[in-house]
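So this block is model.tsv, TSV, C-alpha atoms:
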chain	number	residue	atom	x	y	z
A	84	MET	CA	112.08	126.41	77.11
A	85	SER	CA	112.66	128.58	80.17
A	86	VAL	CA	109.67	130.17	81.93
A	87	GLY	CA	110.33	133.31	83.93
A	88	SER	CA	112.77	132.43	86.69
A	89	LEU	CA	112.65	128.71	85.81
A	90	ASP	CA	115.36	127.39	83.49
A	91	GLU	CA	114.64	124.79	80.82
A	92	GLU	CA	115.99	121.88	82.87
A	93	THR	CA	113.80	122.76	85.86
A	94	VAL	CA	110.67	123.13	83.74
A	95	GLU	CA	111.32	119.74	82.18
A	96	LYS	CA	111.61	118.13	85.63
A	97	TYR	CA	108.24	119.58	86.62
A	98	ARG	CA	106.80	118.17	83.39
A	99	ARG	CA	108.30	114.73	83.94
A	100	ALA	CA	106.88	114.63	87.46
A	101	GLY	CA	103.49	115.65	86.08
A	102	ASP	CA	103.53	113.00	83.36
A	103	ALA	CA	104.34	110.28	85.89
A	104	LEU	CA	101.65	111.53	88.24
A	105	ARG	CA	98.96	111.48	85.55
A	106	THR	CA	99.69	107.83	84.81
A	107	VAL	CA	99.69	106.86	88.49
A	108	LEU	CA	96.58	108.86	89.38
A	109	ASP	CA	94.58	107.31	86.54
A	110	GLU	CA	95.69	103.78	87.44
A	111	ALA	CA	94.99	104.23	91.15
A	112	ALA	CA	91.58	105.82	90.58
A	113	ALA	CA	90.58	102.90	88.34
A	114	MET	CA	91.35	100.50	91.21
A	115	ILE	CA	88.94	102.15	93.63
A	116	GLU	CA	85.83	100.00	93.91
A	117	PRO	CA	83.97	98.21	96.71
A	118	GLY	CA	86.00	95.42	98.30
A	119	VAL	CA	89.44	96.78	97.36
A	120	THR	CA	91.52	97.93	100.34
A	121	HIS	CA	92.95	101.41	100.78
A	122	LEU	CA	96.36	99.84	101.32
A	123	GLU	CA	96.26	98.03	97.97
A	124	VAL	CA	95.66	101.30	96.13
A	125	ALA	CA	98.26	103.25	98.09
A	126	GLU	CA	100.98	100.62	97.71
A	127	HIS	CA	100.30	100.17	93.99
A	128	ALA	CA	100.45	103.92	93.41
A	129	GLU	CA	103.63	104.43	95.42
A	130	ALA	CA	105.36	101.48	93.72
A	131	ARG	CA	104.48	102.90	90.31
A	132	ILE	CA	105.80	106.31	91.33
A	133	GLU	CA	109.14	104.69	92.18
A	134	GLU	CA	109.18	103.10	88.71
A	135	LEU	CA	108.27	106.24	86.78
A	136	ALA	CA	109.91	109.05	88.79
A	137	ASP	CA	112.27	109.67	91.70
A	138	GLY	CA	109.70	109.05	94.43
A	139	PRO	CA	106.50	110.23	96.08
A	140	ALA	CA	106.30	113.89	97.07
A	141	PHE	CA	104.12	112.71	99.97
A	142	PRO	CA	102.27	109.51	100.91
A	143	VAL	CA	99.24	108.76	98.77
A	144	ASN	CA	96.24	110.39	100.46
A	145	ILE	CA	93.00	108.39	100.42
A	146	SER	CA	90.34	110.43	102.19
A	147	VAL	CA	86.83	109.01	102.59
A	148	ASP	CA	83.48	110.78	103.15
A	149	GLU	CA	84.06	113.57	105.72
A	150	GLU	CA	87.85	113.23	105.51
A	151	ALA	CA	89.48	115.93	103.38
A	152	SER	CA	93.24	115.41	103.63
A	153	HIS	CA	96.20	113.68	105.31
A	154	SER	CA	94.58	110.26	105.41
A	155	THR	CA	96.81	107.38	104.35
A	156	PRO	CA	96.57	103.71	105.39
A	157	GLY	CA	98.73	102.24	108.11
A	158	ARG	CA	100.93	99.19	107.65
A	159	ASP	CA	98.26	96.64	108.59
A	160	ASP	CA	95.22	98.65	107.52
A	161	ASP	CA	92.55	96.36	106.07
A	162	ALA	CA	89.89	99.03	105.43
A	163	GLU	CA	87.96	98.40	102.20
A	164	PHE	CA	86.13	100.85	99.97
A	165	GLY	CA	82.37	100.86	100.31
A	166	GLU	CA	79.58	103.20	99.17
A	167	GLU	CA	81.70	106.26	99.88
A	168	MET	CA	83.10	109.50	98.48
A	169	VAL	CA	86.85	108.90	97.93
A	170	CYS	CA	89.37	111.71	97.44
A	171	LEU	CA	92.64	110.47	95.95
A	172	ASP	CA	95.58	112.91	96.25
A	173	VAL	CA	98.96	111.94	94.75
A	174	GLY	CA	102.35	113.67	94.75
A	175	VAL	CA	105.40	112.85	92.62
A	176	HIS	CA	108.85	114.37	92.46
A	177	VAL	CA	111.74	114.35	90.00
A	178	ASP	CA	114.92	115.62	91.68
A	179	GLY	CA	112.68	117.25	94.28
A	180	TYR	CA	110.53	119.11	91.73
A	181	ILE	CA	106.94	118.30	92.54
A	182	ALA	CA	103.68	117.47	90.81
A	183	ASP	CA	100.58	117.37	93.00
A	184	ALA	CA	97.12	116.40	91.73
A	185	ALA	CA	93.90	114.92	93.04
A	186	THR	CA	90.64	113.44	91.84
A	187	THR	CA	87.47	112.19	93.51
A	188	VAL	CA	85.92	108.77	92.90
A	189	ASP	CA	82.25	108.75	93.85
A	190	LEU	CA	80.91	105.43	95.12
A	191	SER	CA	78.28	107.20	97.22
A	192	GLY	CA	75.81	108.34	94.55
A	193	ASN	CA	76.57	112.07	94.81
A	194	PRO	CA	78.09	112.96	91.41
A	195	GLU	CA	77.20	116.67	91.61
A	196	LEU	CA	79.53	117.15	94.57
A	197	VAL	CA	82.38	115.80	92.43
A	198	GLU	CA	81.33	118.00	89.50
A	199	ALA	CA	81.37	121.07	91.75
A	200	ALA	CA	85.05	120.61	92.64
A	201	GLU	CA	86.03	119.70	89.08
A	202	GLU	CA	84.28	122.68	87.50
A	203	ALA	CA	85.72	124.99	90.16
A	204	LEU	CA	89.20	123.74	89.23
A	205	ASP	CA	88.58	124.30	85.51
A	206	VAL	CA	87.37	127.86	86.10
A	207	ALA	CA	90.29	128.61	88.45
A	208	VAL	CA	92.87	127.34	85.95
A	209	ASP	CA	91.28	129.49	83.22
A	210	ALA	CA	91.70	132.54	85.46
A	211	VAL	CA	95.45	132.05	86.00
A	212	ALA	CA	97.73	134.61	84.37
A	213	PRO	CA	100.60	136.89	85.41
A	214	GLY	CA	99.35	139.75	87.56
A	215	VAL	CA	96.18	137.94	88.65
A	216	ASP	CA	95.54	138.04	92.40
A	217	THR	CA	95.02	134.66	94.06
A	218	GLY	CA	92.07	136.16	95.94
A	219	THR	CA	90.35	136.60	92.59
A	220	ILE	CA	90.95	132.94	91.78
A	221	GLY	CA	89.50	132.02	95.17
A	222	ALA	CA	86.36	134.02	94.39
A	223	GLU	CA	85.94	132.09	91.12
A	224	ILE	CA	86.24	128.79	93.01
A	225	GLU	CA	83.75	129.88	95.65
A	226	ASP	CA	81.21	131.11	93.10
A	227	VAL	CA	81.20	127.78	91.24
A	228	ILE	CA	80.90	125.60	94.35
A	229	ARG	CA	78.16	127.73	95.92
A	230	GLY	CA	76.37	127.72	92.55
A	231	TYR	CA	76.02	123.95	92.94
A	232	GLY	CA	74.50	124.45	96.38
A	233	TYR	CA	77.61	123.34	98.25
A	234	THR	CA	80.24	125.08	100.37
A	235	PRO	CA	83.97	125.37	99.65
A	236	VAL	CA	86.22	124.14	102.44
A	237	LEU	CA	87.25	127.58	103.61
A	238	ASN	CA	90.28	126.66	105.72
A	239	LEU	CA	92.03	124.60	103.04
A	240	SER	CA	93.78	126.17	100.08
A	241	GLY	CA	96.01	125.62	97.11
A	242	HIS	CA	99.68	126.43	97.41
A	243	GLY	CA	103.00	126.95	95.73
A	244	VAL	CA	105.39	124.06	95.12
A	245	GLU	CA	109.17	124.34	95.07
A	246	GLN	CA	112.06	121.90	95.05
A	247	TRP	CA	111.73	119.56	98.05
A	248	ASP	CA	108.83	121.60	99.44
A	249	ALA	CA	105.24	120.62	98.61
A	250	HIS	CA	103.57	123.57	100.36
A	251	THR	CA	105.00	127.05	99.87
A	252	ALA	CA	103.69	130.53	99.09
A	253	PRO	CA	101.55	131.71	97.46
A	254	SER	CA	98.36	130.45	99.03
A	255	VAL	CA	95.47	129.98	96.57
A	256	PRO	CA	92.30	130.24	98.69
A	257	ASN	CA	89.06	128.41	97.99
A	258	ARG	CA	87.08	131.57	98.69
A	259	GLY	CA	87.26	135.20	97.71
A	260	VAL	CA	89.70	137.29	99.76
A	261	GLU	CA	90.44	140.98	99.38
A	262	HIS	CA	94.23	140.77	99.29
A	263	GLY	CA	95.85	137.60	98.01
A	264	ALA	CA	99.18	137.27	96.20
A	265	GLU	CA	99.89	138.48	92.69
A	266	LEU	CA	100.98	135.66	90.38
A	267	ALA	CA	104.14	136.05	88.30
A	268	VAL	CA	105.61	134.21	85.33
A	269	GLY	CA	107.51	131.18	86.62
A	270	ASP	CA	105.36	130.62	89.70
A	271	VAL	CA	104.49	126.94	90.18
A	272	ILE	CA	101.22	126.42	92.03
A	273	ALA	CA	98.78	123.66	92.90
A	274	ILE	CA	95.12	124.69	92.82
A	275	GLU	CA	92.85	122.36	94.80
A	276	PRO	CA	89.18	123.20	95.33
A	277	PHE	CA	87.37	121.21	98.02
A	278	ALA	CA	83.58	121.13	97.99
A	279	THR	CA	81.39	119.89	100.84
A	280	ASP	CA	77.78	119.51	101.90
A	281	GLY	CA	78.95	120.42	105.41
A	282	ARG	CA	79.83	123.68	107.13
A	283	GLY	CA	82.96	124.32	105.04
A	284	LYS	CA	85.55	123.97	107.76
A	285	VAL	CA	87.81	121.03	108.60
A	286	SER	CA	89.41	120.21	111.94
A	287	GLU	CA	92.07	117.77	113.07
A	288	GLY	CA	91.04	114.20	113.76
A	289	ASN	CA	92.75	111.69	116.04
A	290	THR	CA	94.42	109.61	113.32
A	291	GLU	CA	97.99	110.40	112.26
A	292	GLU	CA	99.97	108.27	109.77
A	293	ILE	CA	101.90	111.01	107.93
A	294	TYR	CA	104.92	112.88	109.31
A	295	GLY	CA	107.46	115.46	108.22
A	296	LEU	CA	110.94	116.52	109.35
A	297	GLU	CA	110.89	119.44	111.78
A	298	ARG	CA	114.62	119.75	112.50
A	299	GLU	CA	117.73	117.61	112.66
A	300	ARG	CA	119.26	116.89	116.05
A	301	SER	CA	121.11	114.07	117.75
A	302	VAL	CA	119.00	111.28	119.24
A	303	ARG	CA	120.12	108.50	121.56
A	304	ASN	CA	117.72	105.70	120.68
A	305	ARG	CA	119.21	103.43	117.99
A	306	GLN	CA	115.96	102.75	116.12
A	307	ALA	CA	115.04	106.44	116.17
A	308	ARG	CA	118.51	107.31	114.89
A	309	GLN	CA	118.17	104.83	112.00
A	310	ILE	CA	114.81	106.23	110.99
A	311	LEU	CA	116.10	109.81	111.18
A	312	GLU	CA	118.97	108.89	108.87
A	313	THR	CA	116.49	107.46	106.36
A	314	ILE	CA	114.32	110.57	106.58
A	315	THR	CA	117.19	113.00	105.96
A	316	GLU	CA	118.74	110.92	103.17
A	317	GLU	CA	115.62	109.80	101.26
A	318	TYR	CA	112.75	112.17	102.08
A	319	ARG	CA	114.52	115.35	103.20
A	320	THR	CA	111.74	117.90	103.81
A	321	LEU	CA	109.02	115.88	102.05
A	322	PRO	CA	106.30	114.16	104.12
A	323	PHE	CA	106.50	110.40	104.70
A	324	ALA	CA	104.29	107.58	105.98
A	325	ALA	CA	104.83	105.55	109.12
A	326	ARG	CA	104.31	102.35	107.08
A	327	TRP	CA	107.35	103.14	104.92
A	328	PHE	CA	109.74	102.07	107.71
A	329	ASP	CA	110.23	98.32	107.78
A	330	VAL	CA	112.36	98.18	110.93
A	331	PRO	CA	111.63	96.77	114.42
A	332	ARG	CA	109.66	99.08	116.73
A	333	ALA	CA	109.31	101.75	114.04
A	334	GLU	CA	106.15	103.21	115.60
A	335	MET	CA	107.85	103.64	118.96
A	336	ALA	CA	110.85	105.28	117.27
A	337	LEU	CA	108.57	107.72	115.43
A	338	ARG	CA	106.87	108.61	118.72
A	339	ARG	CA	110.29	109.34	120.25
A	340	LEU	CA	111.23	111.59	117.33
A	341	LYS	CA	107.95	113.46	117.63
A	342	GLN	CA	108.33	113.88	121.40
A	343	GLN	CA	111.76	115.41	120.78
A	344	ASP	CA	110.34	117.79	118.11
A	345	VAL	CA	112.47	116.18	115.41
A	346	ILE	CA	109.39	115.35	113.33
A	347	HIS	CA	105.83	116.62	113.30
A	348	GLY	CA	102.63	114.81	112.44
A	349	TYR	CA	99.87	115.58	109.96
A	350	PRO	CA	96.57	114.60	111.60
A	351	VAL	CA	93.71	113.66	109.28
A	352	LEU	CA	91.63	116.76	108.47
A	353	LYS	CA	87.89	116.15	108.66
A	354	GLU	CA	84.54	117.83	108.12
A	355	GLU	CA	81.70	117.10	110.51
A	356	GLU	CA	80.71	113.44	110.74
A	357	GLY	CA	78.10	112.48	108.18
A	358	CYS	CA	79.23	115.08	105.64
A	359	LEU	CA	80.96	114.50	102.32
A	360	VAL	CA	84.01	116.22	100.78
A	361	SER	CA	85.16	116.20	97.15
A	362	GLN	CA	88.48	117.44	95.78
A	363	ALA	CA	90.06	118.24	92.42
A	364	GLU	CA	93.63	119.44	91.88
A	365	HIS	CA	96.22	120.28	89.24
A	366	THR	CA	99.76	121.63	89.36
A	367	LEU	CA	100.61	124.34	86.87
A	368	VAL	CA	103.33	126.76	85.83
A	369	VAL	CA	102.37	130.41	85.29
A	370	THR	CA	103.44	131.51	81.78
A	371	GLU	CA	103.38	134.82	79.95
A	372	ASP	CA	100.04	134.00	78.29
A	373	GLY	CA	98.37	132.04	81.11
A	374	CYS	CA	99.62	128.73	82.43
A	375	GLU	CA	100.84	125.25	81.55
A	376	ILE	CA	99.19	122.40	83.46
A	377	THR	CA	101.91	119.87	84.27
A	378	THR	CA	99.48	117.23	85.56
A	379	ALA	CA	96.95	117.30	82.69
Could you rewrite the structure in this file as C-alpha cells?
Amino acid sequence: MSVGSLDEETVEKYRRAGDALRTVLDEAAAMIEPGVTHLEVAEHAEARIEELADGPAFPVNISVDEEASHSTPGRDDDAEFGEEMVCLDVGVHVDGYIADAATTVDLSGNPELVEAAEEALDVAVDAVAPGVDTGTIGAEIEDVIRGYGYTPVLNLSGHGVEQWDAHTAPSVPNRGVEHGAELAVGDVIAIEPFATDGRGKVSEGNTEEIYGLERERSVRNRQARQILETITEEYRTLPFAARWFDVPRAEMALRRLKQQDVIHGYPVLKEEEGCLVSQAEHTLVVTEDGCEITTA
C-alpha cells in the first residue's frame, strides 16, 4: 500500500532492502568472535547483499572500541577481533532504495553500554509519528543513555534516506534540541543512537577506506578514468570501498581522483582513545499511526 508521498512500488523496495539487510546483519553479527578477521565478515556480508538485493548502500562498517563510524577493512587487512566492542553497520539497496541498520557485538565485557544504545533506539522508534519533532526524539535518546550513566555521541545523528542517497534530511539528533524537523507521513528515516563512556564527541582519525562521488569531470589518467566509470555506473552517489576495485594501481588512482575533487573520503570517526562506543540502528517509514520498521 502507498504511504504518504511513497507509492506502493517504492514502499515495497524499501521493505525488500530491509528484509535482505536483516538476514545479512544477523549472519555477519554471528560471525564476530575472537580470531575472525574484519575482512572475512565484511566480504561475507557484502557477497550476501549481492545475492539478496541489488547491492550495498555503503561498505560494511566494522568499528571497534573508540571507533564509531566509517571504519571498513582494506584489501589486505588481517586485523582480527579480540576482547573489543564491535559496532556493525550495514546498508542495502534495491533500485537505490536504502535500508540502513546497525548492531553492537560486545566481546569486551560491557553489556550495559550495548543495552543503552538498544533501549534508546526502542524508545526513539516508539516516539515516531507524524507531527513529532526530531528534537523530541533526540531528547528521548539522550535521557535513556544518560540514565545508564553514559553519554550520547552528540555530533552524530540519524538521518533521512532517499533513492541513491543514504544521508539526507531530516537529521535525527542523539540529544534534545529545541528546533528539529517535523516528521510527516512518508518520511523514511534511520535512527541510530550511539552511546559512549567517553566525552560524547567524535573526531576524524587518520584512516580512510571509504569514498564517495563528489562530482563528475574528465580525468587524464587511464586507471583513474576506469575507476570513475565504475563509480558512476555501479555506485552512483552511494559510498564505496577502496578494496572494491580490483585493478592495477587502484589506490594511486583513487588518490588522483581525490586530489582533483572528483571523490571525497570518509575518515574513520573516533572517540578518545581508551573509550568505548556502542550503536543501534533501524530504518523506518513514518505512517499515519506511527511507523513501519523496514529492518526489523
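Using all atoms listed in the file, the protein and nucleic acid residues lying no more than 10 Å from Glu297 (chain A), apart from those fewer than 4 places from it along its own chain, are Thr320, Leu340, Lys341, Gln343, Asp344, Val345, Ile346, His347 and Gly348 of chain A.
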All residues 10 Å or closer to Pro256 (chain A), only C-alpha atoms, same chain fewer than 5 positions away omitted, as a count of residues only: 20
So which residues touch Ile181 (chain A) within 7 Å, counting all atoms listed in the file, skipping near sequence neighbours fewer than 3 positions away, as a list of chain:residue names?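 Listing them by chain and then by number gives A:Tyr97, A:Ala100, A:Ala140, A:Gly174, A:Val175, A:His176, A:Val177, A:Val244, A:Glu245, A:Gln246, A:Ala249.
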Restricting the output to C-alpha atoms, write the selected residues as an mmCIF file, in the coordinates of the input.
data_model
loop_
_atom_site.group_PDB
_atom_site.id
_atom_site.type_symbol
_atom_site.label_atom_id
_atom_site.label_comp_id
_atom_site.auth_asym_id
_atom_site.auth_seq_id
_atom_site.Cartn_x
_atom_site.Cartn_y
_atom_site.Cartn_z
ATOM 1 C CA TYR A 97 108.240 119.580 86.620
ATOM 2 C CA ALA A 100 106.880 114.630 87.460
ATOM 3 C CA ALA A 140 106.300 113.890 97.070
ATOM 4 C CA GLY A 174 102.350 113.670 94.750
ATOM 5 C CA VAL A 175 105.400 112.850 92.620
ATOM 6 C CA HIS A 176 108.850 114.370 92.460
ATOM 7 C CA VAL A 177 111.740 114.350 90.000
ATOM 8 C CA VAL A 244 105.390 124.060 95.120
ATOM 9 C CA GLU A 245 109.170 124.340 95.070
ATOM 10 C CA GLN A 246 112.060 121.900 95.050
ATOM 11 C CA ALA A 249 105.240 120.620 98.610
#
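Among A:Gly232, A:Leu296, A:Asp329, A:Gly138, the residue with the shortest atom-to-atom distance to Ile314 (chain A), counting all atoms listed in the file, is A:Leu296.
The spacing separating CA of Tyr231 (chain A) from CA of Leu196 (chain A) amounts to 7.8 Å.
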For Ala182 (chain A), list every protein, DNA or RNA residue within 12 Å, evaluated using only C-alpha atoms, and leave out those in the same chain fewer than 2 positions away; present the list as an MDAnalysis selection string. chainID A and resid 94:105 107:108 132 136:141 172:180 184:185 242:250 271:274 364:368 376:379
Let me make sure I understand: among A:Glu375, A:Tyr318, A:Glu292, A:Glu202, which one has the smallest atom-to-atom distance to Leu337 (chain A) if we use all atoms listed in the file?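 Distance minimum relative to Leu337 (chain A) lands on A:Glu292.
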Do you know which residues are at most 8 Å from region 206-216 of chain A counting only C-alpha atoms, after dropping those on the same chain fewer than 5 positions away, and could you put them as a CSV table (one decimal) with C-alpha atoms, in the frame of the given file?
chain,number,residue,atom,x,y,z
A,221,GLY,CA,89.5,132.0,95.2
A,223,GLU,CA,85.9,132.1,91.1
A,224,ILE,CA,86.2,128.8,93.0
A,262,HIS,CA,94.2,140.8,99.3
A,263,GLY,CA,95.8,137.6,98.0
A,264,ALA,CA,99.2,137.3,96.2
A,265,GLU,CA,99.9,138.5,92.7
A,266,LEU,CA,101.0,135.7,90.4
A,267,ALA,CA,104.1,136.0,88.3
A,268,VAL,CA,105.6,134.2,85.3
A,274,ILE,CA,95.1,124.7,92.8
A,369,VAL,CA,102.4,130.4,85.3
A,370,THR,CA,103.4,131.5,81.8
A,371,GLU,CA,103.4,134.8,80.0
A,372,ASP,CA,100.0,134.0,78.3
A,373,GLY,CA,98.4,132.0,81.1
A,374,CYS,CA,99.6,128.7,82.4
Separation of CA of Asp161 (chain A) from CA of Ala324 (chain A), in Å and rounded to one decimal: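 According to the coordinates, CA of Asp161 (chain A) and CA of Ala324 (chain A) are separated by 16.2 Å.
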Enumerate, as a PyMOL selection string, the protein, DNA and RNA residues whose atoms approach (88.5, 102.9, 100.2) to within 7 Å, taking into account only C-alpha atoms and the coordinate frame of the file. chain A and resi 115+119-121+147+162-165+169
So that I have them on file, write out the residues from the current selection with C-alpha atoms, as a PDB file, in the coordinates of the input.
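Output file selection09.pdb follows:
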ATOM      1  CA  ILE A 115      88.940 102.150  93.630  1.00  0.00           C
ATOM      2  CA  VAL A 119      89.440  96.780  97.360  1.00  0.00           C
ATOM      3  CA  THR A 120      91.520  97.930 100.340  1.00  0.00           C
ATOM      4  CA  HIS A 121      92.950 101.410 100.780  1.00  0.00           C
ATOM      5  CA  VAL A 147      86.830 109.010 102.590  1.00  0.00           C
ATOM      6  CA  ALA A 162      89.890  99.030 105.430  1.00  0.00           C
ATOM      7  CA  GLU A 163      87.960  98.400 102.200  1.00  0.00           C
ATOM      8  CA  PHE A 164      86.130 100.850  99.970  1.00  0.00           C
ATOM      9  CA  GLY A 165      82.370 100.860 100.310  1.00  0.00           C
ATOM     10  CA  VAL A 169      86.850 108.900  97.930  1.00  0.00           C
TER      11      VAL A 169
END
In Å, with one decimal, what is the gap from CA of Val351 (chain A) to CA of Leu321 (chain A)?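 Here the two named atoms are 17.1 Å from each other.
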Nearest to Ser154 (chain A) by atom-to-atom distance, counting all atoms listed in the file, from A:Asp205, A:Glu287, A:Glu195, A:Glu316: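 Going through A:Asp205, A:Glu287, A:Glu195, A:Glu316 one by one, the smallest distance to Ser154 (chain A) is for A:Glu287.
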